[in-house]
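Down below is the structure, laid out as structure tokens.
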Amino acid sequence: MTLSTIQTTTGTATPAELGRTLIHEHVLVGYPGWELDAKAPKFKRAEGLARAVDQMHELQAHGVKTFVDPCPMDLGRDVEFLAELSQRSGMRVICTTGAYFEAEGNTYTFKHLPMEEIADIYIQEIELGIGETGIKAGAIKIATGAPAVSDYERKLVTAGARAAKATGVPIISHTQDGCCGHDQIDIVTGEGAPAAQLLVGHSDGSNDPDYHRTLVERGAFIGFDRFGISMFQPDEVRIANILKLIRAGHLERIMVSHDSIMCWLGRPVPYAQTFQALLELLPKWRSTHFFKEIIPALLQEGVTQAQIETLLVDNPRRFFQLGLSG
Ligand SMILES: [Zn+2]
């Protein structure tokens, strides 16, 4: 049965209440097995929470009302941490069900469960809640690797599409190296959900305007959601490609974010030996970067303030509204 309201970690919201929304950011991330790394600095929960509250307050100063954390189940997801952060900061936080791509996620359990049971698990986390927390997922995470979708990923993406069709919640994806977005659309629409219920995430990893154009022409949302991660793509390239889409009339299909992370569980290997070192390596990779530097750059190129609000407010609203009943 499709939902009639948007589910957050602390309750519900109407589409109109979302306001300025960052569609793909993270509070807490740890790769599978992070807890095995006895040499990693111990995660200090209270300290991490205080740091996250400060960062939410910074975002609120930029008018952000809703923070979507599409952390996969197998990447250190901690929805009680998110709910507590939401209560303390006043930021609306939405969490997801769904698992990561094979190379960086891949649990033994999901490898062996059939697709139908995984779909049921996702639906249960949306309709009944995650574990014993009572906190319900408000969206579904799907993920694919590169250069092709593996059998494992195909099974999980199909399960995610089926759960999206059943519940009406939107799907936020991970893609690797800016590829396989069309495969994701094929699977999602093959399960009967409209392409517009899917955000093809991390598409800014591709520097191919034809790839971007063909994704949005099929009706999917496209994620320019890694602003500030210069090791994957310079922001200049992201801006040039986003401008091409806007000038071609596709403003209403674009979603912006940073894929930023506030707290790291374990060590961020292989990228750096400590989270602090990774932050120093990527000085622009902060959840406020779009407001501080990218909006001014877009305005400079002739994008209007109203178009900025379409990116930050209208597009996330339509994305979450699409599958709701009533
Ligand atoms: Zn992410």
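Labeling convention for the structure tokens: chains A, B, ... as they appear, residues from 1 per chain, ligands from 1 in order of appearance.
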Using only C-alpha atoms and all ligand atoms, which residues of chain A come within 8 Å of ligand 1, and what is the closest atom pair for each, with the distance in Å to one decimal? Give it as a tab-separated table, sorted by chain and residue number.
```
residue	atom	partner	partner_atom_place_in_ligand_line	distance
A:His24	CA	ligand 1	1 (Zn)	6.1
A:Glu25	CA	ligand 1	1 (Zn)	6.2
A:His26	CA	ligand 1	1 (Zn)	6.5
A:Asp69	CA	ligand 1	1 (Zn)	7.7
A:Pro70	CA	ligand 1	1 (Zn)	6.3
A:Cys71	CA	ligand 1	1 (Zn)	6.4
A:His174	CA	ligand 1	1 (Zn)	6.8
A:Asp259	CA	ligand 1	1 (Zn)	4.8
A:Ser260	CA	ligand 1	1 (Zn)	7.4
```
May I have the selected residues written with N, CA and C atoms, as a PDB file, in the first residue's frame?
```
ATOM      1  N   HIS A  24      21.446  14.156  -0.793  1.00  0.00           N
ATOM      2  CA  HIS A  24      22.393  13.039  -0.613  1.00  0.00           C
ATOM      3  C   HIS A  24      23.611  13.481   0.207  1.00  0.00           C
ATOM      4  N   GLU A  25      23.478  13.378   1.525  1.00  0.00           N
ATOM      5  CA  GLU A  25      24.586  13.682   2.447  1.00  0.00           C
ATOM      6  C   GLU A  25      24.609  12.568   3.491  1.00  0.00           C
ATOM      7  N   HIS A  26      25.709  12.494   4.232  1.00  0.00           N
ATOM      8  CA  HIS A  26      25.799  11.449   5.253  1.00  0.00           C
ATOM      9  C   HIS A  26      26.220  12.016   6.600  1.00  0.00           C
ATOM     10  N   ASP A  69      19.797  11.369   4.278  1.00  0.00           N
ATOM     11  CA  ASP A  69      21.002  10.559   4.455  1.00  0.00           C
ATOM     12  C   ASP A  69      20.729   9.154   3.908  1.00  0.00           C
ATOM     13  N   PRO A  70      21.066   8.932   2.614  1.00  0.00           N
ATOM     14  CA  PRO A  70      20.781   7.613   2.025  1.00  0.00           C
ATOM     15  C   PRO A  70      21.864   6.598   2.345  1.00  0.00           C
ATOM     16  N   CYS A  71      22.162   6.451   3.638  1.00  0.00           N
ATOM     17  CA  CYS A  71      23.179   5.482   4.052  1.00  0.00           C
ATOM     18  C   CYS A  71      22.639   4.074   3.846  1.00  0.00           C
ATOM     19  N   HIS A 174      23.237   5.004  -5.965  1.00  0.00           N
ATOM     20  CA  HIS A 174      24.686   5.196  -6.093  1.00  0.00           C
ATOM     21  C   HIS A 174      25.071   4.629  -7.450  1.00  0.00           C
ATOM     22  N   ASP A 259      27.335  14.517  -1.046  1.00  0.00           N
ATOM     23  CA  ASP A 259      27.772  13.204  -0.553  1.00  0.00           C
ATOM     24  C   ASP A 259      28.796  13.393   0.567  1.00  0.00           C
ATOM     25  N   SER A 260      28.596  14.440   1.349  1.00  0.00           N
ATOM     26  CA  SER A 260      29.524  14.735   2.446  1.00  0.00           C
ATOM     27  C   SER A 260      29.292  13.765   3.606  1.00  0.00           C
TER      28      SER A 260
END
```
Subject >> Residue neighbourhood Arg318 in chain A, 10 Å, only C-alpha atoms, exclusion window fewer than 4 positions, as a PyMOL selection string >> reply: chain A and resi 15-16+196-197+252-253+313-314+322-323
**OP:** Report the residues of range 131-304 of chain A whose backbone DSSP state falls under helix (DSSP H, G or I), written as JSON, numbers by chain.
**Re:** {"A": [151, 152, 153, 154, 155, 156, 157, 158, 159, 160, 161, 162, 163, 164, 165, 166, 167, 181, 182, 183, 184, 185, 186, 187, 188, 189, 190, 195, 196, 197, 203, 204, 205, 209, 210, 211, 212, 213, 214, 215, 216, 217, 235, 236, 237, 238, 239, 240, 241, 242, 243, 244, 245, 246, 247, 251, 252, 253, 275, 276, 277, 278, 279, 280, 281, 289, 290, 291, 292, 293, 294, 295, 296, 297, 298, 299, 300]}
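Nearest residue to Asp235 in chain A among A:Gln276, A:Ile185, A:Met262, A:Ala297 is A:Ala297, counting only C-alpha atoms.
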**OP:** Please run DSSP on the backbone and report, as a VMD selection string, all residues within range 85-319 of chain A that come out as strand (DSSP E).
**Re:** chain A and resid 92 to 97 139 to 143 171 to 174 198 to 200 221 to 224 254 to 256 261 to 264
**OP:** May I ask which of the residues A:Ala193, A:Leu282, A:Ala277, A:Ile261 is the closest one to Gln233 in chain A, counting only C-alpha atoms?
**Re:**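 For Gln233 in chain A, the nearest of the given residues is A:Leu282.
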Please identify all polymer residues within 12 Å of Glu191 in chain A, counting only C-alpha atoms, omitting same-chain residues fewer than 4 positions from it, and present them as a PDB file with C-alpha atoms, in the first residue's frame.
```pdb
ATOM      1  CA  ALA A 119      12.153  -6.729  -1.258  1.00  0.00           C
ATOM      2  CA  LYS A 155      19.029  -8.661  -7.492  1.00  0.00           C
ATOM      3  CA  VAL A 157      18.210  -3.114  -7.388  1.00  0.00           C
ATOM      4  CA  THR A 158      15.237  -5.222  -8.485  1.00  0.00           C
ATOM      5  CA  ALA A 159      14.242  -5.686  -4.822  1.00  0.00           C
ATOM      6  CA  GLY A 160      14.527  -1.929  -4.290  1.00  0.00           C
ATOM      7  CA  ALA A 161      12.404  -1.206  -7.365  1.00  0.00           C
ATOM      8  CA  ARG A 162       9.763  -3.664  -6.196  1.00  0.00           C
ATOM      9  CA  ALA A 163       9.667  -2.039  -2.746  1.00  0.00           C
ATOM     10  CA  ALA A 164       9.390   1.405  -4.341  1.00  0.00           C
ATOM     11  CA  LYS A 165       6.484   0.236  -6.494  1.00  0.00           C
ATOM     12  CA  ALA A 166       4.756  -1.243  -3.426  1.00  0.00           C
ATOM     13  CA  GLN A 184      19.090   1.292 -13.146  1.00  0.00           C
ATOM     14  CA  ILE A 185      16.251   2.974 -15.070  1.00  0.00           C
ATOM     15  CA  ASP A 186      15.650  -0.268 -17.013  1.00  0.00           C
ATOM     16  CA  ILE A 187      15.314  -2.283 -13.803  1.00  0.00           C
ATOM     17  CA  ALA A 195      11.602   6.585 -13.969  1.00  0.00           C
ATOM     18  CA  GLN A 197      10.708   7.808  -8.874  1.00  0.00           C
TER      19      GLN A 197
END
```
Using only C-alpha atoms, which residues of range 163-206 of chain A come within 12 Å of range 88-95 of chain A, and what is the closest atom pair for each, with the distance in Å to one decimal? Give it as CSV, sorted by chain and residue number.
```
residue,atom,partner,partner_atom,distance
A:Val169,CA,A:Cys95,CA,11.5
A:Pro170,CA,A:Cys95,CA,11.6
A:Ile171,CA,A:Cys95,CA,11.5
A:Ile172,CA,A:Cys95,CA,10.7
```
**OP:** Can you pull out every residue within 12 Å of Ala46 in chain A, counting only C-alpha atoms, but drop anything in the same chain fewer than 3 positions away, and send it as a ChimeraX atom specification?
**Re:** /A:42-43,49-53,81,84-85,88,263
May I have the residues from that selection written out with C-alpha atoms, as a PDB file, in the first residue's frame?
```pdb
ATOM      1  CA  LYS A  42      37.429   4.753  18.773  1.00  0.00           C
ATOM      2  CA  PHE A  43      34.221   6.432  17.658  1.00  0.00           C
ATOM      3  CA  LEU A  49      26.780  14.017  17.761  1.00  0.00           C
ATOM      4  CA  ALA A  50      27.868  17.458  18.991  1.00  0.00           C
ATOM      5  CA  ARG A  51      29.903  17.984  15.803  1.00  0.00           C
ATOM      6  CA  ALA A  52      26.957  16.910  13.664  1.00  0.00           C
ATOM      7  CA  VAL A  53      24.585  19.259  15.521  1.00  0.00           C
ATOM      8  CA  PHE A  81      21.879   8.490  15.864  1.00  0.00           C
ATOM      9  CA  GLU A  84      18.741  12.028  18.038  1.00  0.00           C
ATOM     10  CA  LEU A  85      20.611  14.437  15.779  1.00  0.00           C
ATOM     11  CA  ARG A  88      18.759  18.082  18.977  1.00  0.00           C
ATOM     12  CA  CYS A 263      31.562  11.198  11.163  1.00  0.00           C
TER      13      CYS A 263
END
```
Subject >> Shortest interatomic distance to Phe290 in chain A - which of A:Asp37, A:Gly219, A:Leu22, A:Thr109, counting only C-alpha atoms >> reply: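 Comparing A:Asp37, A:Gly219, A:Leu22, A:Thr109 against Phe290 in chain A, the winner is A:Leu22.
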Subject >> Residue among A:Ile239, A:Pro114, A:Pro316, A:Val256 lying closest to Gln300 in chain A, counting only C-alpha atoms >> reply: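 Of A:Ile239, A:Pro114, A:Pro316, A:Val256, the one nearest Gln300 in chain A is A:Ile239, counting only C-alpha atoms.
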**OP:** Tell me which protein, DNA and RNA residues are within 7 Å of Ala99 in chain A, counting only C-alpha atoms, leaving out same-chain ones fewer than 4 positions away, and put them as a PyMOL selection string.
**Re:** chain A and resi 72-74+141-142
